[in-house]
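Structure below is my_file-v6.pdb: PDB, C-alpha atoms, pLDDT in the B column.
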```pdb
ATOM      1  CA  MET Z  15       9.884 -53.384 -31.505  1.00 41.00           C
ATOM      2  CA  GLY Z  16      12.700 -50.908 -32.136  1.00 42.00           C
ATOM      3  CA  THR Z  17      14.144 -53.126 -34.874  1.00 43.00           C
ATOM      4  CA  VAL Z  18      10.890 -53.054 -36.790  1.00 44.00           C
ATOM      5  CA  LEU Z  19      10.719 -49.278 -36.591  1.00 42.00           C
ATOM      6  CA  THR Z  20      14.352 -48.630 -37.503  1.00 47.00           C
ATOM      7  CA  GLN Z  21      15.003 -51.376 -40.076  1.00 50.00           C
ATOM      8  CA  PRO Z  22      12.811 -49.821 -42.810  1.00 48.00           C
ATOM      9  CA  PHE Z  23      14.576 -46.493 -42.312  1.00 49.00           C
ATOM     10  CA  LEU Z  24      17.975 -48.185 -42.577  1.00 54.00           C
ATOM     11  CA  CYS Z  25      16.793 -49.930 -45.736  1.00 59.00           C
ATOM     12  CA  LEU Z  26      15.457 -46.692 -47.190  1.00 53.00           C
ATOM     13  CA  ASN Z  27      18.754 -44.987 -46.496  1.00 58.00           C
ATOM     14  CA  ARG Z  28      20.666 -47.853 -48.130  1.00 59.00           C
ATOM     15  CA  TYR Z  29      18.530 -48.329 -51.257  1.00 55.00           C
ATOM     16  CA  LYS Z  30      16.845 -44.925 -51.532  1.00 56.00           C
ATOM     17  CA  GLN Z  31      14.584 -44.700 -54.591  1.00 55.00           C
ATOM     18  CA  ASN Z  32      16.847 -46.699 -56.891  1.00 59.00           C
ATOM     19  CA  ASP Z  33      15.659 -50.165 -56.033  1.00 64.00           C
ATOM     20  CA  ARG Z  34      12.231 -50.405 -54.453  1.00 65.00           C
ATOM     21  CA  THR Z  35      12.176 -54.203 -54.659  1.00 65.00           C
ATOM     22  CA  ALA Z  36      15.432 -54.466 -52.684  1.00 66.00           C
ATOM     23  CA  TYR Z  37      13.995 -52.002 -50.163  1.00 65.00           C
ATOM     24  CA  ILE Z  38      10.890 -54.137 -49.678  1.00 68.00           C
ATOM     25  CA  ILE Z  39      12.899 -57.320 -49.238  1.00 66.00           C
ATOM     26  CA  CYS Z  40      15.238 -55.589 -46.822  1.00 67.00           C
ATOM     27  CA  CYS Z  41      12.232 -54.458 -44.784  1.00 68.00           C
ATOM     28  CA  HIS Z  42      10.868 -57.989 -44.783  1.00 66.00           C
ATOM     29  CA  ASP Z  43      14.229 -59.186 -43.494  1.00 70.00           C
ATOM     30  CA  CYS Z  44      13.479 -57.384 -40.239  1.00 74.00           C
ATOM     31  CA  LEU Z  45      11.021 -60.266 -39.796  1.00 77.00           C
ATOM     32  CA  LEU Z  46      13.749 -62.927 -39.903  1.00 81.00           C
ATOM     33  CA  PRO Z  47      13.230 -63.977 -36.267  1.00 86.00           C
ATOM     34  CA  THR Z  48       9.668 -65.072 -37.129  1.00 89.00           C
ATOM     35  CA  HIS Z  49      10.201 -66.020 -40.794  1.00 89.00           C
ATOM     36  CA  GLN Z  50      10.272 -69.786 -40.207  1.00 92.00           C
ATOM     37  CA  ALA Z  51       7.154 -69.604 -38.020  1.00 95.00           C
ATOM     38  CA  VAL Z  52       5.360 -67.752 -40.827  1.00 93.00           C
ATOM     39  CA  LEU Z  53       6.472 -70.347 -43.401  1.00 94.00           C
ATOM     40  CA  ASP Z  54       5.336 -73.201 -41.138  1.00 97.00           C
ATOM     41  CA  THR Z  55       1.986 -71.519 -40.533  1.00 97.00           C
ATOM     42  CA  TYR Z  56       1.552 -70.814 -44.238  1.00 96.00           C
ATOM     43  CA  GLU Z  57       2.015 -74.506 -45.058  1.00 97.00           C
ATOM     44  CA  LYS Z  58      -0.743 -75.371 -42.567  1.00 97.00           C
ATOM     45  CA  VAL Z  59      -3.276 -72.755 -43.721  1.00 97.00           C
ATOM     46  CA  LYS Z  60      -2.506 -72.087 -47.403  1.00 95.00           C
ATOM     47  CA  LYS Z  61      -5.682 -73.834 -48.571  1.00 95.00           C
ATOM     48  CA  PHE Z  62      -7.946 -71.821 -46.276  1.00 96.00           C
ATOM     49  CA  ALA Z  63     -10.048 -69.059 -47.824  1.00 95.00           C
ATOM     50  CA  VAL Z  64      -8.691 -66.423 -45.425  1.00 95.00           C
ATOM     51  CA  ILE Z  65      -5.141 -66.787 -44.076  1.00 95.00           C
ATOM     52  CA  ASP Z  66      -4.007 -63.249 -43.267  1.00 94.00           C
ATOM     53  CA  GLY Z  67      -4.847 -63.413 -39.555  1.00 95.00           C
ATOM     54  CA  PHE Z  68      -2.865 -66.625 -39.082  1.00 96.00           C
ATOM     55  CA  LEU Z  69       0.184 -65.155 -40.796  1.00 93.00           C
ATOM     56  CA  THR Z  70       0.148 -61.805 -39.010  1.00 92.00           C
ATOM     57  CA  LYS Z  71      -0.155 -63.674 -35.717  1.00 95.00           C
ATOM     58  CA  ALA Z  72       2.819 -65.878 -36.643  1.00 94.00           C
ATOM     59  CA  SER Z  73       4.931 -62.852 -37.610  1.00 89.00           C
ATOM     60  CA  GLY Z  74       3.843 -60.748 -34.651  1.00 87.00           C
ATOM     61  CA  TYR Z  75       3.333 -57.748 -36.947  1.00 82.00           C
ATOM     62  CA  GLN Z  76       0.783 -56.481 -39.456  1.00 82.00           C
ATOM     63  CA  PHE Z  77       2.868 -57.808 -42.347  1.00 80.00           C
ATOM     64  CA  TYR Z  78       4.727 -61.030 -43.078  1.00 84.00           C
ATOM     65  CA  ASN Z  79       6.948 -62.706 -45.649  1.00 82.00           C
ATOM     66  CA  THR Z  80       5.833 -66.036 -47.125  1.00 87.00           C
ATOM     67  CA  SER Z  81       8.626 -66.162 -49.680  1.00 82.00           C
ATOM     68  CA  ARG Z  82      11.331 -68.723 -48.997  1.00 80.00           C
ATOM     69  CA  PHE Z  83      13.834 -66.018 -49.945  1.00 77.00           C
ATOM     70  CA  THR Z  84      15.517 -63.470 -47.758  1.00 77.00           C
ATOM     71  CA  PHE Z  85      17.668 -60.631 -49.051  1.00 73.00           C
ATOM     72  CA  GLU Z  86      20.873 -62.522 -48.264  1.00 76.00           C
ATOM     73  CA  ALA Z  87      19.602 -65.739 -49.875  1.00 77.00           C
ATOM     74  CA  MET Z  88      18.735 -63.918 -53.072  1.00 75.00           C
ATOM     75  CA  LEU Z  89      22.184 -62.367 -53.272  1.00 76.00           C
ATOM     76  CA  THR Z  90      23.806 -65.802 -53.060  1.00 81.00           C
ATOM     77  CA  GLU Z  91      21.790 -66.923 -56.109  1.00 77.00           C
ATOM     78  CA  ALA Z  92      22.664 -63.980 -58.323  1.00 73.00           C
ATOM     79  CA  ASP Z  93      22.361 -65.968 -61.562  1.00 81.00           C
ATOM     80  CA  SER Z  94      18.657 -66.575 -60.966  1.00 79.00           C
ATOM     81  CA  ILE Z  95      17.792 -63.425 -59.046  1.00 73.00           C
ATOM     82  CA  GLU Z  96      15.089 -62.290 -61.505  1.00 73.00           C
ATOM     83  CA  ALA Z  97      13.266 -65.620 -61.296  1.00 76.00           C
ATOM     84  CA  ASN Z  98      13.622 -65.590 -57.523  1.00 70.00           C
ATOM     85  CA  PHE Z  99      12.025 -62.140 -57.310  1.00 66.00           C
ATOM     86  CA  ARG Z 100       9.018 -63.533 -59.161  1.00 69.00           C
ATOM     87  CA  ASP Z 101       8.741 -66.507 -56.780  1.00 62.00           C
TER      88      ASP Z 101
END
```

Take the structure I supplied and represent it as structure tokens, if you would.
Amino acid sequence: MGTVLTQPFLCLNRYKQNDRTAYIICCHDCLLPTHQAVLDTYEKVKKFAVIDGFLTKASGYQFYNTSRFTFEAMLTEADSIEANFRD
């Protein structure tokens, strides 16, 4: 629980107001321990009309990341970072 509370503050301190998108991705990276579970759940329920409850349960928090990208993964693909942000 402490990681979830402190990670956004660490991200805010690192990115400040200059890059809100990087801040959001950094915050979502605090969910890395449950990221694969969320992706697996998403694949199972993506055609359902309402999927939010399944995904928040998989993440263990009130938010989740269904993008295949993490902050580190996006940095390794710098040539296509704009397209990856849109994915």

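Of the listed residues (Z:Arg82, Z:Ala92, Z:Ala87, Z:Asn98), Z:Arg82 comes nearest to Ala51 (chain Z); the distances count only C-alpha atoms.
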
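You will find CA of Tyr78 (chain Z) at 13.9 Å from CA of Lys60 (chain Z).
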
Need to verify the contact set: Lys71 (chain Z), 12 Å, only C-alpha atoms, exclusion of same-chain residues closer than 6 positions in sequence. Can you return it as a JSON list (two decimals) with C-alpha atoms, in the frame of the given file?
```json
[["chain", "number", "residue", "atom", "x", "y", "z"],
["Z", 48, "THR", "CA", 9.67, -65.07, -37.13],
["Z", 49, "HIS", "CA", 10.20, -66.02, -40.79],
["Z", 51, "ALA", "CA", 7.15, -69.60, -38.02],
["Z", 52, "VAL", "CA", 5.36, -67.75, -40.83],
["Z", 55, "THR", "CA", 1.99, -71.52, -40.53],
["Z", 56, "TYR", "CA", 1.55, -70.81, -44.24],
["Z", 65, "ILE", "CA", -5.14, -66.79, -44.08],
["Z", 77, "PHE", "CA", 2.87, -57.81, -42.35],
["Z", 78, "TYR", "CA", 4.73, -61.03, -43.08]]
```

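Taking CA of Asp43 (chain Z) as the reference point, CA of Lys58 (chain Z) is found at 22.1 Å.
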
Distance CA of Phe68 (chain Z)-CA of Phe85 (chain Z), one decimal place? 23.6 Å

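Comparing Z:Glu86, Z:Ser73, Z:Ser94, Z:Gly67 by their smallest distance to Asp54 (chain Z), the closest is Z:Ser73 (using all atoms listed in the file).
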